[in-house]
2 protein chains.
Amino acid sequence: MKCRVCREPAVIDIRRHNANFCAEHFLRLCRDQVEKAIKRFAMLSPGDRVLVAVSGGKDSLALWDILIELGYDVDGLYVGLGIGEYSDVSGEYVHRFVEERGLTLVEVDLRADEGFDVPTAAAVTGRVPCSACGMSKRHLFDRAAREGGYDAVATGHNLDDEAAVLFGNLLKWQTDYLGRQRPVLPAGDGFPRKVKPLVRLGERETAAYCVLRGIDYQVEECPMAVGNKHLGFKETLNELERRSPGTKHDLYFGFLEQAVDRFVDAADGPDRAELGECTECGAPAAGEVCAFCRLAARARDAEPVPLGPPRRRRR
Amino acid sequence: MKCRVCREPAVIDIRRHNANFCAEHFLRLCRDQVEKAIKRFAMLSPGDRVLVAVSGGKDSLALWDILIELGYDVDGLYVGLGIGEYSDVSGEYVHRFVEERGLTLVEVDLRADEGFDVPTAAAVTGRVPCSACGMSKRHLFDRAAREGGYDAVATGHNLDDEAAVLFGNLLKWQTDYLGRQRPVLPAGDGFPRKVKPLVRLGERETAAYCVLRGIDYQVEECPMAVGNKHLGFKETLNELERRSPGTKHDLYFGFLEQAVDRFVDAADGPDRAELGECTECGAPAAGEVCAFCRLAARARDAEPVPLGPPRRRRR
C-alpha cells in the first residue's frame, strides 16, 4: 500500500477516493479538503474572526487545528452541558488542547452560568435529549459570537453527520429541513454566519487526523445520544458505503448540487427580519421571550435530573 | 392476536398499519388498498380494457386476481424471457393460473418470436441484465397493448419495489428518473397508459394474499438479478422498516406528495410528440429504428448465451 502522492508506504486508505496516503500527504489532504469546502461554499474570508465550537471530540478539535494551520484567526468555544462524567472528561480534553497550544477559549457552563443542565432540560421538555441540547448550544453559540464580535461560528459537522441528517430528512421528506440543509448559513439580523468546513471529510478521516497530529480527544459517544435514530442512520450509511464507496459523498453533494434549491420555498422558520428581541436576554426571538430563555426558566424550576444509565429507546 | 375488524383470531400482522387481520379481512384490506391506489392516482376507469403483465411471481398474479375481484376487464400478458429453467417454471405458474380461471392470456416468447433471449441480449449490451430485460419488456408491453386495443398496461410493482427504486435514485440524485417516478404514466403518442396498482401493498402482503387465495407462484428470484443493487436496497429498506415500521410508505408516498413535482423539469426522455415511427416495427422511436429493434438485431446475430450460474457481482 503506497501513498498516491509520494509512493512511500501509506498509513491510510480512503476507498471513496480510491487512494492511499502516507501521514504527511494524508494531513495535507485533510487541509486541502477543508480549504476546498471553505472556498466552494464561501464559508470564510481572510481576516474573518472565527469562533469554533469545540466539544472535546475528534471533529471539532481537528477542525480547530486545521483552521489554524490554514492561517485563520480562530478562538474556541466550549459549552459545559452538565452530562455527568462525559462532560467532565470532554472539558478536560478541550483544556489540554488549549493549554498545549496557548489558544483562547471562551467557556459557558450551563449549570454554573444558566442554572440548569441538559439532563434536566431534556426531562422538562419530554422530548429526545438531543433536541433541548441542540437548541441550547445554537443559542449559546450565537450569543458568544455576538458578544465576542466574531464573524462566523464553525462547527465540526463532518460528511457522516451531514449525510445522516439528510438521510433522515429524506426518509420522512421533511421539506422544511431539506430547504435549509446547507454547509453555510449566512449572517443576518443578529445571527452570526454558521459554517461546517469538515463536510468533505468523513469521521474516520478526522479520527485519523487527530491520531497523526497527536490530538487526544473524547472517544465516547454522548451517553444521552446512544441508540438515537441519527446514529442508526449512520450505521445504515456505513453499510451502504461499504458496499459502494462514495455513497455518502454522492448523497450529500448530489443533494447540494441538484436538489436543495428545489426545496428552498419549503424551508421553515420565521422570517429573520421580523424577529424581535427577547425581553430576557436580547437575542432575536419570535415571541416575547426566546425559546432558550423559556426552556431555561422551566429547567431552573425543575428538580435536577441525575444522569443515570441511558434510557432504552426502541430501535 | 385478533383481527382489527371482527376480533376473530388473526392470521397476519401488518406493523406499519399497527394492526392484525383474519384471512377474510386481510383479503379485503388488499383489495381496498388497490382500489384506493387506483382512485387516488386515477389509474383506471370503469370500462377500461386492462392488460396485466404477469411474470408468474406473487405480485403480478395477485394483481390480476384483485383486478378481477374489483370488477375490471383484465387480460394477461406473459413474455417468455428465455432465462433457462427459471423462465420455464415461471410460464407454468402463469398457465396454471389462466387455465384454472378460464382467463385470456397474450403470450410473447422472445426466443421464438423475436429470435433472441435475455441472457444473449444482456451479453451483447455488456450492461447489467436487468437493463436489456426491462427495455425489452416495456417495448413488448406497449406493442401488445397497442395491437390488442387495451387502454392500460398494469404491472405488479409493489411498495417494496417502488421504494427501493426511489431509494437508489435518491442516493445518486438521478433527477431525470426522480422527475418521472410516479405510479401512473399517462397514455399518448402511441404509448398505452401504464399503472402500478400495488403501490400500497408490500411484498409480504402480496405473498400472503396468494397463499390465502390458493395462488401458486414462482418463489425464486430471477437468477440474473441475484446480487444486484436493487435487491441490496430492498435489504436496507427492510432493516429500516424493522426499526421503524412505515419507513417505506413514508419514503414513497412522501416523495409523491412533497417532492416529485419539484423534479419534473429534470425528467429526461425525448418529447413523445416529437417521436417518429420505427422503420422496422412501427413503434414510436427517437431515431430511425427503435432501441428494441436495434438490440434485437445485435442479439440475433450473436452466439446464444447459455444461462450458467449467476455472475458474481461486487456488492
# chains A, B, ... in the order shown; residues from 1 in each chain; ligands from 1
call {"tool": "residues_around", "arguments": {"residues": "B:Leu29", "least_positions_apart": "3", "cutoff": "12 Å", "atoms": "only C-alpha atoms", "output": "ChimeraX atom specification"}}
result
/B:3-5,12,14,17,19-26,32-36,66,200-201,205-206,208-209
call {"tool": "residues_around", "arguments": {"residues": "B:Gly56", "least_positions_apart": "3", "cutoff": "9 Å", "atoms": "only C-alpha atoms", "output": "list of chain:residue names"}}
result
B:Asp59, B:Ser60, B:Leu61, B:Tyr78, B:Ser87, B:Val89, B:Ser90, B:Gly91, B:Glu92, B:Tyr93, B:Val94, B:His95, B:Phe97, B:Asp216, B:Tyr217, B:Gln218, B:Val219
call {"tool": "write_last_selection", "arguments": {"atoms": "C-alpha atoms", "output": "PDB file, in the first residue's frame"}}
result
ATOM      1  CA  ASP B  59     -47.148  -9.694  -7.290  1.00  0.00           C
ATOM      2  CA  SER B  60     -48.439  -9.906 -10.831  1.00  0.00           C
ATOM      3  CA  LEU B  61     -50.709 -12.916 -10.173  1.00  0.00           C
ATOM      4  CA  TYR B  78     -46.740 -13.132 -20.449  1.00  0.00           C
ATOM      5  CA  SER B  87     -38.487 -18.868 -17.306  1.00  0.00           C
ATOM      6  CA  VAL B  89     -41.191 -22.682 -14.400  1.00  0.00           C
ATOM      7  CA  SER B  90     -42.499 -19.109 -14.367  1.00  0.00           C
ATOM      8  CA  GLY B  91     -44.509 -19.796 -17.511  1.00  0.00           C
ATOM      9  CA  GLU B  92     -46.020 -22.913 -15.948  1.00  0.00           C
ATOM     10  CA  TYR B  93     -47.358 -20.934 -12.970  1.00  0.00           C
ATOM     11  CA  VAL B  94     -48.932 -18.428 -15.353  1.00  0.00           C
ATOM     12  CA  HIS B  95     -50.557 -21.137 -17.488  1.00  0.00           C
ATOM     13  CA  PHE B  97     -53.454 -19.672 -13.120  1.00  0.00           C
ATOM     14  CA  ASP B 216     -49.281 -20.915  -6.661  1.00  0.00           C
ATOM     15  CA  TYR B 217     -46.434 -18.736  -7.839  1.00  0.00           C
ATOM     16  CA  GLN B 218     -42.745 -18.716  -8.761  1.00  0.00           C
ATOM     17  CA  VAL B 219     -40.924 -18.136  -5.459  1.00  0.00           C
TER      18      VAL B 219
END
call {"tool": "atom_distance", "arguments": {"atom1": "atom CA of B:Tyr252", "atom2": "atom CA of B:Asn158"}}
result
10.9 Å
call {"tool": "residues_around", "arguments": {"residues": "stretch 168-173 of chain A", "least_positions_apart": "4", "cutoff": "7 Å", "atoms": "only C-alpha atoms", "output": "VMD selection string"}}
result
(chain A and resid 164 177 to 178 233) or (chain B and resid 247 250 to 251 254 to 255 258)
call {"tool": "write_last_selection", "arguments": {"atoms": "N, CA and C atoms", "output": "CSV table (one decimal), in the first residue's frame"}}
result
chain,number,residue,atom,x,y,z
A,164,ALA,N,-26.1,11.7,7.3
A,164,ALA,CA,-27.1,11.0,8.1
A,164,ALA,C,-28.3,11.9,8.4
A,177,TYR,N,-36.8,21.1,6.6
A,177,TYR,CA,-35.4,21.0,6.9
A,177,TYR,C,-34.6,20.9,5.6
A,178,LEU,N,-35.1,20.1,4.6
A,178,LEU,CA,-34.3,19.9,3.4
A,178,LEU,C,-34.0,21.3,2.8
A,233,PHE,N,-29.0,5.9,11.5
A,233,PHE,CA,-28.9,6.2,10.1
A,233,PHE,C,-27.4,6.2,9.7
B,247,THR,N,-41.6,3.1,7.3
B,247,THR,CA,-40.5,3.8,6.6
B,247,THR,C,-40.7,3.8,5.1
B,250,ASP,N,-43.7,6.0,4.1
B,250,ASP,CA,-43.4,7.4,4.3
B,250,ASP,C,-42.4,7.9,3.2
B,251,LEU,N,-41.4,7.1,2.9
B,251,LEU,CA,-40.5,7.5,1.9
B,251,LEU,C,-41.1,7.6,0.5
B,254,GLY,N,-44.4,10.1,0.7
B,254,GLY,CA,-43.9,11.4,1.0
B,254,GLY,C,-43.3,12.0,-0.3
B,255,PHE,N,-42.6,11.2,-1.0
B,255,PHE,CA,-42.0,11.7,-2.3
B,255,PHE,C,-43.1,12.1,-3.2
B,258,GLN,N,-44.7,15.4,-1.7
B,258,GLN,CA,-44.0,16.6,-1.4
B,258,GLN,C,-42.8,16.9,-2.3
call {"tool": "residues_around", "arguments": {"residues": "B:Leu295", "least_positions_apart": "6", "cutoff": "12 Å", "atoms": "only C-alpha atoms", "output": "PDB file with C-alpha atoms, in the first residue's frame"}}
result
ATOM      1  CA  GLU B 114     -38.040 -12.285 -31.745  1.00  0.00           C
ATOM      2  CA  GLY B 115     -35.079 -14.611 -32.246  1.00  0.00           C
ATOM      3  CA  PHE B 116     -33.149 -13.847 -29.061  1.00  0.00           C
ATOM      4  CA  ASP B 117     -33.327 -14.177 -25.277  1.00  0.00           C
ATOM      5  CA  VAL B 118     -32.389 -12.046 -22.272  1.00  0.00           C
ATOM      6  CA  THR B 120     -27.881 -13.120 -25.056  1.00  0.00           C
ATOM      7  CA  ALA B 121     -29.232  -9.564 -25.135  1.00  0.00           C
ATOM      8  CA  ALA B 122     -27.514  -8.827 -21.813  1.00  0.00           C
ATOM      9  CA  ALA B 123     -24.227 -10.180 -23.177  1.00  0.00           C
ATOM     10  CA  VAL B 124     -24.271  -8.003 -26.296  1.00  0.00           C
ATOM     11  CA  THR B 125     -25.036  -4.847 -24.324  1.00  0.00           C
ATOM     12  CA  GLY B 126     -22.329  -5.560 -21.738  1.00  0.00           C
ATOM     13  CA  SER B 131     -31.280  -3.209 -18.255  1.00  0.00           C
ATOM     14  CA  ALA B 132     -31.828  -5.108 -21.563  1.00  0.00           C
ATOM     15  CA  CYS B 133     -34.622  -7.140 -19.957  1.00  0.00           C
ATOM     16  CA  MET B 135     -36.244  -2.280 -22.024  1.00  0.00           C
ATOM     17  CA  SER B 136     -37.436  -5.359 -23.932  1.00  0.00           C
ATOM     18  CA  HIS B 139     -41.390  -2.451 -25.621  1.00  0.00           C
ATOM     19  CA  VAL B 289     -35.001   2.287 -35.684  1.00  0.00           C
ATOM     20  CA  ASP B 301     -26.512 -12.005 -34.743  1.00  0.00           C
ATOM     21  CA  ALA B 302     -24.769 -13.078 -31.545  1.00  0.00           C
TER      22      ALA B 302
END
call {"tool": "interface_residues", "arguments": {"of": "chain A", "to": "chain B", "cutoff": "12 Å", "atoms": "only C-alpha atoms", "output": "PyMOL selection string"}}
result
chain A and resi 163-164+166-176+178-179+227-229+232-266+313-315
call {"tool": "closest_residue", "arguments": {"among": "B:Val211, B:Ala152, B:Ile38, B:Cys130", "to": "B:Gly76", "atoms": "only C-alpha atoms"}}
result
B:Ala152
call {"tool": "select_by_dssp", "arguments": {"residues": "stretch 72-208 of chain A", "states": "helix (DSSP H, G or I)", "output": "PDB file with C-alpha atoms, in the first residue's frame"}}
result
ATOM      1  CA  GLY A  84     -22.108  13.831  34.181  1.00  0.00           C
ATOM      2  CA  GLU A  85     -18.676  12.326  33.720  1.00  0.00           C
ATOM      3  CA  TYR A  86     -18.991  12.560  29.931  1.00  0.00           C
ATOM      4  CA  SER A  87     -19.000  16.359  30.125  1.00  0.00           C
ATOM      5  CA  ASP A  88     -16.211  16.447  32.734  1.00  0.00           C
ATOM      6  CA  VAL A  89     -13.910  14.343  30.579  1.00  0.00           C
ATOM      7  CA  SER A  90     -14.840  16.228  27.391  1.00  0.00           C
ATOM      8  CA  GLY A  91     -13.892  19.513  29.063  1.00  0.00           C
ATOM      9  CA  GLU A  92     -10.532  18.096  30.118  1.00  0.00           C
ATOM     10  CA  TYR A  93      -9.639  17.231  26.517  1.00  0.00           C
ATOM     11  CA  VAL A  94     -10.542  20.745  25.416  1.00  0.00           C
ATOM     12  CA  HIS A  95      -8.476  22.353  28.185  1.00  0.00           C
ATOM     13  CA  ARG A  96      -5.435  20.199  27.428  1.00  0.00           C
ATOM     14  CA  PHE A  97      -5.652  21.107  23.711  1.00  0.00           C
ATOM     15  CA  VAL A  98      -5.931  24.830  24.515  1.00  0.00           C
ATOM     16  CA  GLU A  99      -3.117  24.852  27.089  1.00  0.00           C
ATOM     17  CA  GLU A 100      -0.663  22.910  24.935  1.00  0.00           C
ATOM     18  CA  ARG A 101      -1.156  25.394  22.112  1.00  0.00           C
ATOM     19  CA  LEU A 110     -24.881  25.561  31.532  1.00  0.00           C
ATOM     20  CA  ARG A 111     -25.212  24.651  35.226  1.00  0.00           C
ATOM     21  CA  ALA A 112     -22.988  27.414  36.647  1.00  0.00           C
ATOM     22  CA  ASP A 113     -23.936  30.207  34.237  1.00  0.00           C
ATOM     23  CA  GLU A 114     -27.515  29.368  33.294  1.00  0.00           C
ATOM     24  CA  VAL A 118     -29.018  19.099  29.582  1.00  0.00           C
ATOM     25  CA  PRO A 119     -30.423  16.082  31.500  1.00  0.00           C
ATOM     26  CA  THR A 120     -32.815  18.385  33.373  1.00  0.00           C
ATOM     27  CA  ALA A 121     -33.733  20.371  30.266  1.00  0.00           C
ATOM     28  CA  ALA A 122     -34.421  17.132  28.404  1.00  0.00           C
ATOM     29  CA  ALA A 123     -36.648  15.914  31.233  1.00  0.00           C
ATOM     30  CA  VAL A 124     -38.804  19.066  31.288  1.00  0.00           C
ATOM     31  CA  THR A 125     -39.297  19.021  27.523  1.00  0.00           C
ATOM     32  CA  PRO A 129     -32.333  14.931  24.834  1.00  0.00           C
ATOM     33  CA  CYS A 130     -30.602  15.967  21.589  1.00  0.00           C
ATOM     34  CA  SER A 131     -33.457  18.363  20.909  1.00  0.00           C
ATOM     35  CA  ALA A 132     -33.033  20.553  24.037  1.00  0.00           C
ATOM     36  CA  CYS A 133     -29.249  20.189  23.833  1.00  0.00           C
ATOM     37  CA  GLY A 134     -29.062  21.294  20.202  1.00  0.00           C
ATOM     38  CA  MET A 135     -31.311  24.281  20.729  1.00  0.00           C
ATOM     39  CA  SER A 136     -29.314  25.377  23.803  1.00  0.00           C
ATOM     40  CA  LYS A 137     -25.992  25.063  22.016  1.00  0.00           C
ATOM     41  CA  ARG A 138     -27.192  27.027  18.987  1.00  0.00           C
ATOM     42  CA  HIS A 139     -28.383  29.818  21.264  1.00  0.00           C
ATOM     43  CA  LEU A 140     -25.130  29.952  23.234  1.00  0.00           C
ATOM     44  CA  PHE A 141     -23.000  29.779  20.076  1.00  0.00           C
ATOM     45  CA  ASP A 142     -24.918  32.738  18.614  1.00  0.00           C
ATOM     46  CA  ARG A 143     -24.628  34.730  21.831  1.00  0.00           C
ATOM     47  CA  ALA A 144     -20.911  34.083  22.256  1.00  0.00           C
ATOM     48  CA  ALA A 145     -20.269  35.127  18.656  1.00  0.00           C
ATOM     49  CA  ARG A 146     -22.333  38.296  19.092  1.00  0.00           C
ATOM     50  CA  GLU A 147     -20.684  39.232  22.372  1.00  0.00           C
ATOM     51  CA  GLY A 148     -17.177  38.440  21.145  1.00  0.00           C
ATOM     52  CA  LEU A 159     -19.645  14.228   5.952  1.00  0.00           C
ATOM     53  CA  ASP A 160     -21.027  11.339   8.025  1.00  0.00           C
ATOM     54  CA  ASP A 161     -23.060  13.755  10.160  1.00  0.00           C
ATOM     55  CA  GLU A 162     -24.464  15.728   7.273  1.00  0.00           C
ATOM     56  CA  ALA A 163     -25.248  12.654   5.173  1.00  0.00           C
ATOM     57  CA  ALA A 164     -27.054  11.032   8.119  1.00  0.00           C
ATOM     58  CA  VAL A 165     -29.138  14.157   8.817  1.00  0.00           C
ATOM     59  CA  LEU A 166     -30.016  14.379   5.119  1.00  0.00           C
ATOM     60  CA  PHE A 167     -30.887  10.679   5.024  1.00  0.00           C
ATOM     61  CA  GLY A 168     -33.289  11.069   7.964  1.00  0.00           C
ATOM     62  CA  ASN A 169     -34.904  14.126   6.401  1.00  0.00           C
ATOM     63  CA  LEU A 170     -35.358  12.281   3.105  1.00  0.00           C
ATOM     64  CA  LEU A 171     -36.927   9.194   4.664  1.00  0.00           C
ATOM     65  CA  THR A 175     -39.041  19.539   3.217  1.00  0.00           C
ATOM     66  CA  ASP A 176     -38.788  22.324   5.806  1.00  0.00           C
ATOM     67  CA  TYR A 177     -35.412  20.959   6.905  1.00  0.00           C
ATOM     68  CA  LEU A 178     -34.321  19.947   3.397  1.00  0.00           C
ATOM     69  CA  GLU A 203     -15.314  10.732  10.629  1.00  0.00           C
ATOM     70  CA  ARG A 204     -12.760   8.004  10.006  1.00  0.00           C
ATOM     71  CA  GLU A 205     -10.575  10.706   8.490  1.00  0.00           C
ATOM     72  CA  THR A 206     -10.990  13.228  11.316  1.00  0.00           C
ATOM     73  CA  ALA A 207     -10.127  10.468  13.800  1.00  0.00           C
ATOM     74  CA  ALA A 208      -7.005   9.550  11.827  1.00  0.00           C
TER      75      ALA A 208
END
call {"tool": "select_by_dssp", "arguments": {"residues": "stretch 53-252 of chain B", "states": "strand (DSSP E or B)", "output": "list in words"}}
result
Ala53, Asp73, Val74, Asp75, Gly76, Leu77, Tyr78, Val79, Gly80, Leu105, Val106, Glu107, Val108, Asp109, Ala152, Val153, Ala154, Val184, Leu185, Gly188, Phe191, Arg193, Lys194 and Val195 of chain B
